[in-house]
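In what follows, a structure is listed as structure tokens, so that the remarks can point back to it.
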There are 2 protein chains.
Amino acid sequence: MDEGLRSLTDLDRVIHEPARLLIVTILSTVESADFLFLQRETGLTKGNLSAHLTKLEGAGYVEITKTFKGKLPLTICKLTKPGLKAFNSYRQQLAKFIDKTG
Amino acid sequence: MDEGLRSLTDLDRVIHEPARLLIVTILSTVESADFLFLQRETGLTKGNLSAHLTKLEGAGYVEITKTFKGKLPLTICKLTKPGLKAFNSYRQQLAKFIDKTG
DNA sequence: TTATTATGGTTTGTAGCGCAAACTAGTTTG
DNA sequence: CAAACTAGTTTGCGCTACAAACCATAATAA
């Protein structure tokens, strides 16, 4: 039995959560994105999106900047370098798994 | 933006949990496996393994047969056809994701 | 002016989850 | 008999994801 499979159990849970994987994937394709853009793209509720972003920020994977567009709040999200690294590692781990299980 | 990414949010959560993905992956390579074999291979605690197996059984992904080896209990686990199908779909979904995010 | 509605989020409440410690039932050993 | 081992299951707890409810501000209506 392939012992490398056991590494599945140390997948990064912050990234592994599907909603966050989606968020991070989107952020990896743009320089930055605002809250409402992410909400439209992900289809998440505001509350859910807010919670996931807070979690990603807590992990240091996303940088969140609160500003204003005219007089309305505007929350800008940007993948950090550690966030990108974690994302890439995660994908690589998945790719290995896919490869092994053919 | 690729709308197919949104399908990430409907990944099968039963399979998506790393410990269970590991269990299912192992079971996909053998005809059947007993509890202690799975425990050795996965490195999970008995309690944890038991709970995950119960969950997999509840989803109809694993069939669990309790018998005896001599006078000692012996729990045999076997991936069901739906379980294999779910596993394959899950891998395919992951593969697509890996592909898309290059 | 005072309501009312809309915008852009955050906080709260709840059900469910993963985990290991504690427990159970039976068996063997001293 | 008691103690220790085997093969698991159940319990207790802290954490999580989710949407409903909420909040602050701004625009619009009466």
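In the structure tokens, chains take letters A, B, ... by order of appearance, with residues numbered from 1 within each chain and ligands from 1 in the order shown.
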
Would you mind listing, for every residue of chain B within 6 Å of chain A, the two atoms forming the shortest contact and the distance between them in Å to one decimal, using only C-alpha atoms, sorted by chain and ascending residue number, as a Markdown table?
| residue | atom | partner | partner_atom | distance |
| --- | --- | --- | --- | --- |
| B:Leu8 | CA | A:Pro18 | CA | 5.6 |
| B:Thr9 | CA | A:Pro18 | CA | 5.2 |
| B:Pro18 | CA | A:Thr9 | CA | 5.2 |
| B:Ala19 | CA | A:Thr9 | CA | 5.7 |

Show me a table, sorted first by chain and then by increasing residue number, of the residues of chain C having an atom at most 10 Å from chain A, each with its shortest atom pair and the distance in Å to one decimal, counting only C-alpha atoms (C1' of nucleotides) and written as a Markdown table.
| residue | atom | partner | partner_atom | distance |
| --- | --- | --- | --- | --- |
| C:DT7 | C1' | A:Leu72 | CA | 7.3 |
| C:DG8 | C1' | A:Pro73 | CA | 5.9 |
| C:DG9 | C1' | A:Lys46 | CA | 7.2 |
| C:DT10 | C1' | A:Gly47 | CA | 7.3 |
| C:DT11 | C1' | A:Gly47 | CA | 8.8 |

Could the residues in this selection be saved with N, CA and C atoms (P, O5', C5', C4', C3', O3' and C1' of nucleotides) as an mmCIF file, in the first residue's frame?
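Contents of the output file part-v3.cif:
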data_model
loop_
_atom_site.group_PDB
_atom_site.id
_atom_site.type_symbol
_atom_site.label_atom_id
_atom_site.label_comp_id
_atom_site.auth_asym_id
_atom_site.auth_seq_id
_atom_site.Cartn_x
_atom_site.Cartn_y
_atom_site.Cartn_z
ATOM 1 P P DT C 7 -29.959 48.042 -3.996
ATOM 2 O "O5'" DT C 7 -28.650 48.399 -3.170
ATOM 3 C "C5'" DT C 7 -28.120 49.727 -3.223
ATOM 4 C "C4'" DT C 7 -26.929 49.817 -2.291
ATOM 5 C "C3'" DT C 7 -25.977 48.623 -2.392
ATOM 6 O "O3'" DT C 7 -24.673 49.132 -2.623
ATOM 7 C "C1'" DT C 7 -26.538 49.062 -0.129
ATOM 8 P P DG C 8 -23.493 48.159 -3.110
ATOM 9 O "O5'" DG C 8 -22.803 47.744 -1.742
ATOM 10 C "C5'" DG C 8 -22.094 48.736 -0.995
ATOM 11 C "C4'" DG C 8 -21.607 48.136 0.302
ATOM 12 C "C3'" DG C 8 -20.947 46.752 0.163
ATOM 13 O "O3'" DG C 8 -19.816 46.676 1.032
ATOM 14 C "C1'" DG C 8 -22.637 46.650 1.747
ATOM 15 P P DG C 9 -18.638 45.656 0.662
ATOM 16 O "O5'" DG C 9 -19.275 44.259 1.081
ATOM 17 C "C5'" DG C 9 -18.889 43.543 2.215
ATOM 18 C "C4'" DG C 9 -19.508 44.089 3.508
ATOM 19 C "C3'" DG C 9 -19.322 43.177 4.702
ATOM 20 O "O3'" DG C 9 -18.156 43.518 5.409
ATOM 21 C "C1'" DG C 9 -21.516 44.174 4.626
ATOM 22 P P DT C 10 -17.483 42.537 6.448
ATOM 23 O "O5'" DT C 10 -18.478 42.521 7.694
ATOM 24 C "C5'" DT C 10 -18.653 43.703 8.482
ATOM 25 C "C4'" DT C 10 -19.426 43.357 9.742
ATOM 26 C "C3'" DT C 10 -18.831 42.230 10.580
ATOM 27 O "O3'" DT C 10 -18.937 42.660 11.927
ATOM 28 C "C1'" DT C 10 -21.065 41.710 10.026
ATOM 29 P P DT C 11 -18.348 41.750 13.147
ATOM 30 O "O5'" DT C 11 -19.674 41.119 13.792
ATOM 31 C "C5'" DT C 11 -20.757 41.976 14.068
ATOM 32 C "C4'" DT C 11 -21.937 41.186 14.629
ATOM 33 C "C3'" DT C 11 -21.578 40.106 15.648
ATOM 34 O "O3'" DT C 11 -22.466 40.251 16.743
ATOM 35 C "C1'" DT C 11 -22.874 39.167 13.907
#

| Can you tell me, as an NGL selection string, what residues are no more than 12 Å from DG26 (chain C) when counting only C-alpha atoms (C1' of nucleotides), ignoring any on the same chain fewer than 2 positions away? | (:B and (68 or 71-73)) or (:C and (24 or 28)) or (:D and (5-8))

Grab the residues selected above and save them as a PDB file, in the first residue's frame with C-alpha atoms (C1' of nucleotides).
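New file out.pdb:
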ATOM      1  CA  PHE B  68     -15.599 -13.367  14.007  1.00  0.00           C
ATOM      2  CA  LYS B  71     -13.551 -15.857  18.972  1.00  0.00           C
ATOM      3  CA  LEU B  72     -12.512 -12.275  18.283  1.00  0.00           C
ATOM      4  CA  PRO B  73     -14.693  -9.740  16.506  1.00  0.00           C
TER       5      PRO B  73
ATOM      6  C1'  DT C  24     -18.073  -1.763  26.544  1.00  0.00           C
ATOM      7  C1'  DT C  28      -6.876 -14.714  27.496  1.00  0.00           C
TER       8       DT C  28
ATOM      9  C1'  DC D   5      -5.503  -7.559  26.267  1.00  0.00           C
ATOM     10  C1'  DT D   6      -8.509  -7.286  21.857  1.00  0.00           C
ATOM     11  C1'  DA D   7     -11.699  -5.128  18.849  1.00  0.00           C
ATOM     12  C1'  DG D   8     -14.219  -2.001  18.445  1.00  0.00           C
TER      13       DG D   8
END

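Taking C1' of DA26 (chain D) as the reference point, CA of Asp34 (chain A) is found at 19.5 Å.
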
| DSSP strand (DSSP E) residues within chain B, listed as an NGL selection string | :B and (33-34 or 62-69 or 72-79)

Report as a short mmCIF file (atom, residue, chain, number, x, y, z; two decimals) with N, CA and C atoms (P, O5', C5', C4', C3', O3' and C1' of nucleotides), in the first residue's frame the set of chain D residues whose atoms approach chain A to within 10 Å, with distances computed over only C-alpha atoms (C1' of nucleotides).
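In the end it all went to part_33.cif:
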data_model
loop_
_atom_site.label_atom_id
_atom_site.label_comp_id
_atom_site.auth_asym_id
_atom_site.auth_seq_id
_atom_site.Cartn_x
_atom_site.Cartn_y
_atom_site.Cartn_z
P DA D 17 -15.42 26.06 7.87
"O5'" DA D 17 -16.87 25.90 7.25
"C5'" DA D 17 -17.38 24.61 6.98
"C4'" DA D 17 -18.87 24.72 6.73
"C3'" DA D 17 -19.27 25.82 5.77
"O3'" DA D 17 -20.26 25.30 4.90
"C1'" DA D 17 -20.38 26.13 7.85
P DC D 18 -20.71 26.10 3.62
"O5'" DC D 18 -22.10 26.75 4.05
"C5'" DC D 18 -23.18 25.90 4.43
"C4'" DC D 18 -24.20 26.69 5.22
"C3'" DC D 18 -24.60 28.02 4.56
"O3'" DC D 18 -25.80 27.83 3.83
"C1'" DC D 18 -24.42 28.17 6.96
P DA D 19 -26.36 29.00 2.86
"O5'" DA D 19 -27.48 29.69 3.74
"C5'" DA D 19 -28.45 28.87 4.38
"C4'" DA D 19 -29.18 29.69 5.43
"C3'" DA D 19 -29.83 30.96 4.91
"O3'" DA D 19 -31.02 31.17 5.66
"C1'" DA D 19 -28.27 31.52 6.57
P DA D 20 -32.25 32.04 5.15
"O5'" DA D 20 -32.81 32.67 6.51
"C5'" DA D 20 -32.78 31.87 7.69
"C4'" DA D 20 -32.67 32.77 8.91
"C3'" DA D 20 -33.48 34.06 8.81
"O3'" DA D 20 -34.07 34.32 10.08
"C1'" DA D 20 -31.19 34.57 9.17
P DT D 25 -22.59 55.17 10.82
"O5'" DT D 25 -23.00 55.48 9.31
"C5'" DT D 25 -22.22 54.91 8.26
"C4'" DT D 25 -23.00 54.95 6.97
"C3'" DT D 25 -23.53 56.33 6.57
"O3'" DT D 25 -22.82 56.76 5.42
"C1'" DT D 25 -25.10 54.58 6.14
P DA D 26 -23.18 58.16 4.73
"O5'" DA D 26 -24.21 57.70 3.60
"C5'" DA D 26 -23.85 56.63 2.73
"C4'" DA D 26 -24.93 56.46 1.68
"C3'" DA D 26 -25.47 57.77 1.09
"O3'" DA D 26 -25.62 57.60 -0.31
"C1'" DA D 26 -27.25 56.52 1.99
#

Please superimpose chain B upon chain A, fitting all C-alpha atoms matched one to one in order, and report the result as a short mmCIF file (atom, residue, chain, number, x, y, z; two decimals) with N, CA and C atoms, in the first residue's frame.
data_model
loop_
_atom_site.label_atom_id
_atom_site.label_comp_id
_atom_site.auth_asym_id
_atom_site.auth_seq_id
_atom_site.Cartn_x
_atom_site.Cartn_y
_atom_site.Cartn_z
N MET B 1 0.94 -1.17 -0.04
CA MET B 1 0.10 0.05 0.03
C MET B 1 0.96 1.30 0.02
N ASP B 2 0.56 2.27 -0.77
CA ASP B 2 1.33 3.51 -0.91
C ASP B 2 1.21 4.38 0.33
N GLU B 3 2.32 4.53 1.02
CA GLU B 3 2.29 5.31 2.26
C GLU B 3 2.06 6.80 2.00
N GLY B 4 2.35 7.25 0.78
CA GLY B 4 2.15 8.66 0.45
C GLY B 4 0.70 9.08 0.54
N LEU B 5 -0.19 8.13 0.48
CA LEU B 5 -1.61 8.45 0.59
C LEU B 5 -1.95 9.09 1.92
N ARG B 6 -1.20 8.71 2.95
CA ARG B 6 -1.50 9.23 4.27
C ARG B 6 -1.41 10.74 4.33
N SER B 7 -0.66 11.32 3.41
CA SER B 7 -0.52 12.79 3.39
C SER B 7 -1.87 13.46 3.13
N LEU B 8 -2.83 12.70 2.67
CA LEU B 8 -4.17 13.26 2.50
C LEU B 8 -4.67 13.88 3.80
N THR B 9 -4.31 13.27 4.91
CA THR B 9 -4.84 13.74 6.19
C THR B 9 -4.21 15.07 6.62
N ASP B 10 -3.15 15.50 5.95
CA ASP B 10 -2.67 16.83 6.31
C ASP B 10 -2.85 17.87 5.19
N LEU B 11 -3.90 17.67 4.43
CA LEU B 11 -4.32 18.71 3.49
C LEU B 11 -4.70 19.97 4.27
N ASP B 12 -4.34 21.09 3.77
CA ASP B 12 -4.63 22.37 4.41
C ASP B 12 -6.15 22.60 4.49
N ARG B 13 -6.68 22.53 5.71
CA ARG B 13 -8.13 22.60 5.86
C ARG B 13 -8.69 23.98 5.51
N VAL B 14 -7.88 24.99 5.62
CA VAL B 14 -8.36 26.33 5.27
C VAL B 14 -8.68 26.38 3.78
N ILE B 15 -7.79 25.78 2.98
CA ILE B 15 -8.00 25.77 1.53
C ILE B 15 -8.99 24.68 1.12
N HIS B 16 -8.98 23.61 1.87
CA HIS B 16 -9.75 22.42 1.46
C HIS B 16 -11.25 22.66 1.45
N GLU B 17 -11.73 23.53 2.29
CA GLU B 17 -13.16 23.84 2.31
C GLU B 17 -13.60 24.38 0.94
N PRO B 18 -14.58 23.71 0.30
CA PRO B 18 -14.93 24.05 -1.08
C PRO B 18 -15.21 25.54 -1.31
N ALA B 19 -15.98 26.17 -0.44
CA ALA B 19 -16.28 27.58 -0.65
C ALA B 19 -14.99 28.40 -0.68
N ARG B 20 -14.07 28.08 0.22
CA ARG B 20 -12.83 28.85 0.25
C ARG B 20 -11.91 28.50 -0.91
N LEU B 21 -11.92 27.24 -1.31
CA LEU B 21 -11.13 26.85 -2.48
C LEU B 21 -11.61 27.64 -3.69
N LEU B 22 -12.90 27.81 -3.78
CA LEU B 22 -13.48 28.59 -4.87
C LEU B 22 -13.03 30.05 -4.80
N ILE B 23 -13.14 30.63 -3.63
CA ILE B 23 -12.71 32.02 -3.44
C ILE B 23 -11.25 32.20 -3.82
N VAL B 24 -10.42 31.32 -3.29
CA VAL B 24 -8.98 31.43 -3.52
C VAL B 24 -8.66 31.23 -5.00
N THR B 25 -9.35 30.31 -5.62
CA THR B 25 -9.13 30.07 -7.04
C THR B 25 -9.46 31.32 -7.85
N ILE B 26 -10.58 31.92 -7.55
CA ILE B 26 -10.95 33.16 -8.24
C ILE B 26 -9.89 34.25 -8.00
N LEU B 27 -9.52 34.39 -6.73
CA LEU B 27 -8.53 35.45 -6.42
C LEU B 27 -7.19 35.19 -7.10
N SER B 28 -6.90 33.94 -7.40
CA SER B 28 -5.62 33.63 -8.04
C SER B 28 -5.60 34.07 -9.50
N THR B 29 -6.76 34.42 -10.02
CA THR B 29 -6.83 34.80 -11.44
C THR B 29 -6.95 36.31 -11.64
N VAL B 30 -7.07 37.04 -10.55
CA VAL B 30 -7.22 38.50 -10.67
C VAL B 30 -6.26 39.20 -9.71
N GLU B 31 -6.00 40.44 -9.99
CA GLU B 31 -5.09 41.19 -9.12
C GLU B 31 -5.75 41.39 -7.77
N SER B 32 -7.03 41.78 -7.81
CA SER B 32 -7.82 41.90 -6.59
C SER B 32 -9.29 41.86 -6.96
N ALA B 33 -10.13 41.68 -5.97
CA ALA B 33 -11.57 41.60 -6.24
C ALA B 33 -12.33 42.20 -5.06
N ASP B 34 -13.43 42.84 -5.37
CA ASP B 34 -14.23 43.39 -4.27
C ASP B 34 -15.28 42.37 -3.82
N PHE B 35 -15.85 42.68 -2.67
CA PHE B 35 -16.79 41.77 -2.02
C PHE B 35 -17.94 41.35 -2.94
N LEU B 36 -18.56 42.30 -3.56
CA LEU B 36 -19.74 41.99 -4.36
C LEU B 36 -19.40 41.20 -5.60
N PHE B 37 -18.24 41.49 -6.16
CA PHE B 37 -17.77 40.68 -7.29
C PHE B 37 -17.64 39.23 -6.86
N LEU B 38 -16.98 39.02 -5.72
CA LEU B 38 -16.81 37.66 -5.21
C LEU B 38 -18.15 37.00 -4.93
N GLN B 39 -19.07 37.80 -4.41
CA GLN B 39 -20.38 37.22 -4.11
C GLN B 39 -21.08 36.75 -5.39
N ARG B 40 -21.02 37.56 -6.41
CA ARG B 40 -21.63 37.18 -7.69
C ARG B 40 -20.96 35.94 -8.25
N GLU B 41 -19.65 35.92 -8.24
CA GLU B 41 -18.91 34.82 -8.85
C GLU B 41 -19.10 33.50 -8.09
N THR B 42 -19.13 33.59 -6.77
CA THR B 42 -19.22 32.36 -5.98
C THR B 42 -20.65 31.89 -5.76
N GLY B 43 -21.58 32.85 -5.74
CA GLY B 43 -22.95 32.47 -5.44
C GLY B 43 -23.20 32.28 -3.95
N LEU B 44 -22.22 32.63 -3.14
CA LEU B 44 -22.38 32.49 -1.69
C LEU B 44 -23.26 33.62 -1.15
N THR B 45 -23.89 33.37 0.00
CA THR B 45 -24.60 34.46 0.67
C THR B 45 -23.56 35.43 1.24
N LYS B 46 -24.00 36.65 1.53
CA LYS B 46 -23.07 37.64 2.08
C LYS B 46 -22.45 37.15 3.38
N GLY B 47 -23.31 36.63 4.26
CA GLY B 47 -22.84 36.17 5.57
C GLY B 47 -21.78 35.11 5.44
N ASN B 48 -22.07 34.16 4.58
CA ASN B 48 -21.16 33.05 4.36
C ASN B 48 -19.83 33.54 3.77
N LEU B 49 -19.94 34.40 2.76
CA LEU B 49 -18.73 34.93 2.14
C LEU B 49 -17.90 35.71 3.15
N SER B 50 -18.57 36.54 3.92
CA SER B 50 -17.88 37.34 4.93
C SER B 50 -17.11 36.44 5.89
N ALA B 51 -17.75 35.39 6.36
CA ALA B 51 -17.11 34.48 7.31
C ALA B 51 -15.90 33.80 6.69
N HIS B 52 -16.03 33.36 5.45
CA HIS B 52 -14.91 32.67 4.80
C HIS B 52 -13.74 33.62 4.56
N LEU B 53 -14.07 34.85 4.17
CA LEU B 53 -13.00 35.83 3.96
C LEU B 53 -12.27 36.12 5.26
N THR B 54 -13.03 36.24 6.33
CA THR B 54 -12.41 36.47 7.64
C THR B 54 -11.46 35.33 7.99
N LYS B 55 -11.90 34.13 7.69
CA LYS B 55 -11.05 32.97 7.97
C LYS B 55 -9.79 32.98 7.12
N LEU B 56 -9.94 33.30 5.86
CA LEU B 56 -8.79 33.36 4.96
C LEU B 56 -7.83 34.47 5.39
N GLU B 57 -8.39 35.56 5.85
CA GLU B 57 -7.57 36.66 6.34
C GLU B 57 -6.81 36.21 7.59
N GLY B 58 -7.53 35.52 8.48
CA GLY B 58 -6.91 35.02 9.71
C GLY B 58 -5.74 34.08 9.44
N ALA B 59 -5.85 33.33 8.35
CA ALA B 59 -4.77 32.41 7.97
C ALA B 59 -3.64 33.14 7.26
N GLY B 60 -3.85 34.41 6.96
CA GLY B 60 -2.84 35.18 6.24
C GLY B 60 -2.84 34.91 4.75
N TYR B 61 -3.92 34.31 4.25
CA TYR B 61 -3.98 33.95 2.83
C TYR B 61 -4.59 35.04 1.97
N VAL B 62 -5.37 35.90 2.59
CA VAL B 62 -6.03 36.97 1.85
C VAL B 62 -5.87 38.27 2.64
N GLU B 63 -5.62 39.32 1.91
CA GLU B 63 -5.52 40.63 2.53
C GLU B 63 -6.79 41.40 2.22
N ILE B 64 -7.39 41.96 3.25
CA ILE B 64 -8.68 42.63 3.08
C ILE B 64 -8.54 44.10 3.41
N THR B 65 -8.93 44.93 2.46
CA THR B 65 -8.82 46.37 2.64
C THR B 65 -10.19 47.00 2.54
N LYS B 66 -10.59 47.68 3.60
CA LYS B 66 -11.90 48.34 3.58
C LYS B 66 -11.73 49.79 3.19
N THR B 67 -12.44 50.17 2.17
CA THR B 67 -12.35 51.53 1.69
C THR B 67 -13.74 51.99 1.28
N PHE B 68 -13.82 53.02 0.45
CA PHE B 68 -15.12 53.51 -0.01
C PHE B 68 -15.10 53.75 -1.51
N LYS B 69 -16.24 53.47 -2.10
CA LYS B 69 -16.45 53.86 -3.50
C LYS B 69 -17.50 54.95 -3.45
N GLY B 70 -17.10 56.19 -3.59
CA GLY B 70 -18.01 57.29 -3.31
C GLY B 70 -18.30 57.27 -1.83
N LYS B 71 -19.54 57.06 -1.46
CA LYS B 71 -19.88 57.03 -0.05
C LYS B 71 -20.23 55.64 0.44
N LEU B 72 -20.15 54.66 -0.46
CA LEU B 72 -20.50 53.29 -0.08
C LEU B 72 -19.26 52.49 0.28
N PRO B 73 -19.39 51.62 1.26
CA PRO B 73 -18.27 50.76 1.64
C PRO B 73 -17.81 49.91 0.46
N LEU B 74 -16.53 49.64 0.43
CA LEU B 74 -15.98 48.80 -0.62
C LEU B 74 -14.89 47.94 0.01
N THR B 75 -15.06 46.64 -0.06
CA THR B 75 -14.11 45.72 0.54
C THR B 75 -13.31 45.03 -0.55
N ILE B 76 -12.01 45.32 -0.54
CA ILE B 76 -11.14 44.77 -1.58
C ILE B 76 -10.38 43.57 -1.02
N CYS B 77 -10.36 42.48 -1.78
CA CYS B 77 -9.69 41.26 -1.34
C CYS B 77 -8.58 40.90 -2.32
N LYS B 78 -7.47 40.47 -1.76
CA LYS B 78 -6.31 40.17 -2.59
C LYS B 78 -5.59 38.96 -2.00
N LEU B 79 -5.27 38.02 -2.84
CA LEU B 79 -4.52 36.85 -2.40
C LEU B 79 -3.11 37.28 -2.00
N THR B 80 -2.66 36.86 -0.84
CA THR B 80 -1.29 37.19 -0.42
C THR B 80 -0.32 36.19 -1.03
N LYS B 81 0.96 36.45 -0.86
CA LYS B 81 1.97 35.52 -1.37
C LYS B 81 1.86 34.17 -0.65
N PRO B 82 1.77 34.16 0.69
CA PRO B 82 1.55 32.88 1.37
C PRO B 82 0.26 32.19 0.90
N GLY B 83 -0.75 32.99 0.62
CA GLY B 83 -2.00 32.42 0.14
C GLY B 83 -1.82 31.72 -1.19
N LEU B 84 -1.09 32.37 -2.08
CA LEU B 84 -0.84 31.77 -3.39
C LEU B 84 -0.02 30.50 -3.24
N LYS B 85 0.95 30.58 -2.35
CA LYS B 85 1.81 29.41 -2.12
C LYS B 85 0.99 28.23 -1.58
N ALA B 86 0.13 28.53 -0.61
CA ALA B 86 -0.72 27.48 -0.04
C ALA B 86 -1.64 26.89 -1.11
N PHE B 87 -2.16 27.76 -1.94
CA PHE B 87 -3.04 27.32 -3.03
C PHE B 87 -2.29 26.40 -3.98
N ASN B 88 -1.08 26.79 -4.35
CA ASN B 88 -0.29 25.96 -5.27
C ASN B 88 0.09 24.62 -4.65
N SER B 89 0.47 24.65 -3.39
CA SER B 89 0.81 23.39 -2.72
C SER B 89 -0.39 22.46 -2.68
N TYR B 90 -1.51 23.07 -2.35
CA TYR B 90 -2.74 22.27 -2.27
C TYR B 90 -3.04 21.60 -3.61
N ARG B 91 -2.96 22.38 -4.68
CA ARG B 91 -3.23 21.81 -6.01
C ARG B 91 -2.24 20.72 -6.35
N GLN B 92 -0.99 20.94 -5.97
CA GLN B 92 0.04 19.95 -6.27
C GLN B 92 -0.25 18.64 -5.53
N GLN B 93 -0.69 18.79 -4.28
CA GLN B 93 -1.03 17.62 -3.49
C GLN B 93 -2.19 16.86 -4.13
N LEU B 94 -3.18 17.61 -4.57
CA LEU B 94 -4.31 16.99 -5.24
C LEU B 94 -3.87 16.29 -6.52
N ALA B 95 -3.02 16.96 -7.27
CA ALA B 95 -2.56 16.41 -8.54
C ALA B 95 -1.84 15.08 -8.31
N LYS B 96 -1.05 15.04 -7.27
CA LYS B 96 -0.36 13.80 -6.94
C LYS B 96 -1.35 12.70 -6.62
N PHE B 97 -2.35 13.07 -5.86
CA PHE B 97 -3.37 12.09 -5.49
C PHE B 97 -4.07 11.56 -6.74
N ILE B 98 -4.48 12.47 -7.61
CA ILE B 98 -5.14 12.06 -8.85
C ILE B 98 -4.22 11.13 -9.64
N ASP B 99 -2.98 11.52 -9.72
CA ASP B 99 -2.00 10.72 -10.44
C ASP B 99 -1.90 9.31 -9.88
N LYS B 100 -1.72 9.23 -8.59
CA LYS B 100 -1.53 7.93 -7.93
C LYS B 100 -2.73 7.02 -8.06
N THR B 101 -3.91 7.61 -7.96
CA THR B 101 -5.11 6.79 -8.00
C THR B 101 -5.60 6.61 -9.43
N GLY B 102 -4.82 7.17 -10.34
CA GLY B 102 -5.01 6.97 -11.78
C GLY B 102 -6.40 7.19 -12.27
#

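Put simply, C1' of DC23 (chain D) is 18.0 Å away from C1' of DA3 (chain C).
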
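Residues in contact with DT4 (chain C) at 10 Å, where only C-alpha atoms (C1' of nucleotides) are counted and same-chain residues fewer than 4 positions away are skipped, are listed as DT28, DA29 and DA30 of chain D.
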
| field | Contacts of DT16 (chain D) at 10 Å (only C-alpha atoms (C1' of nucleotides); same-chain gap of 2+ positions) as a count of residues only | value | 5
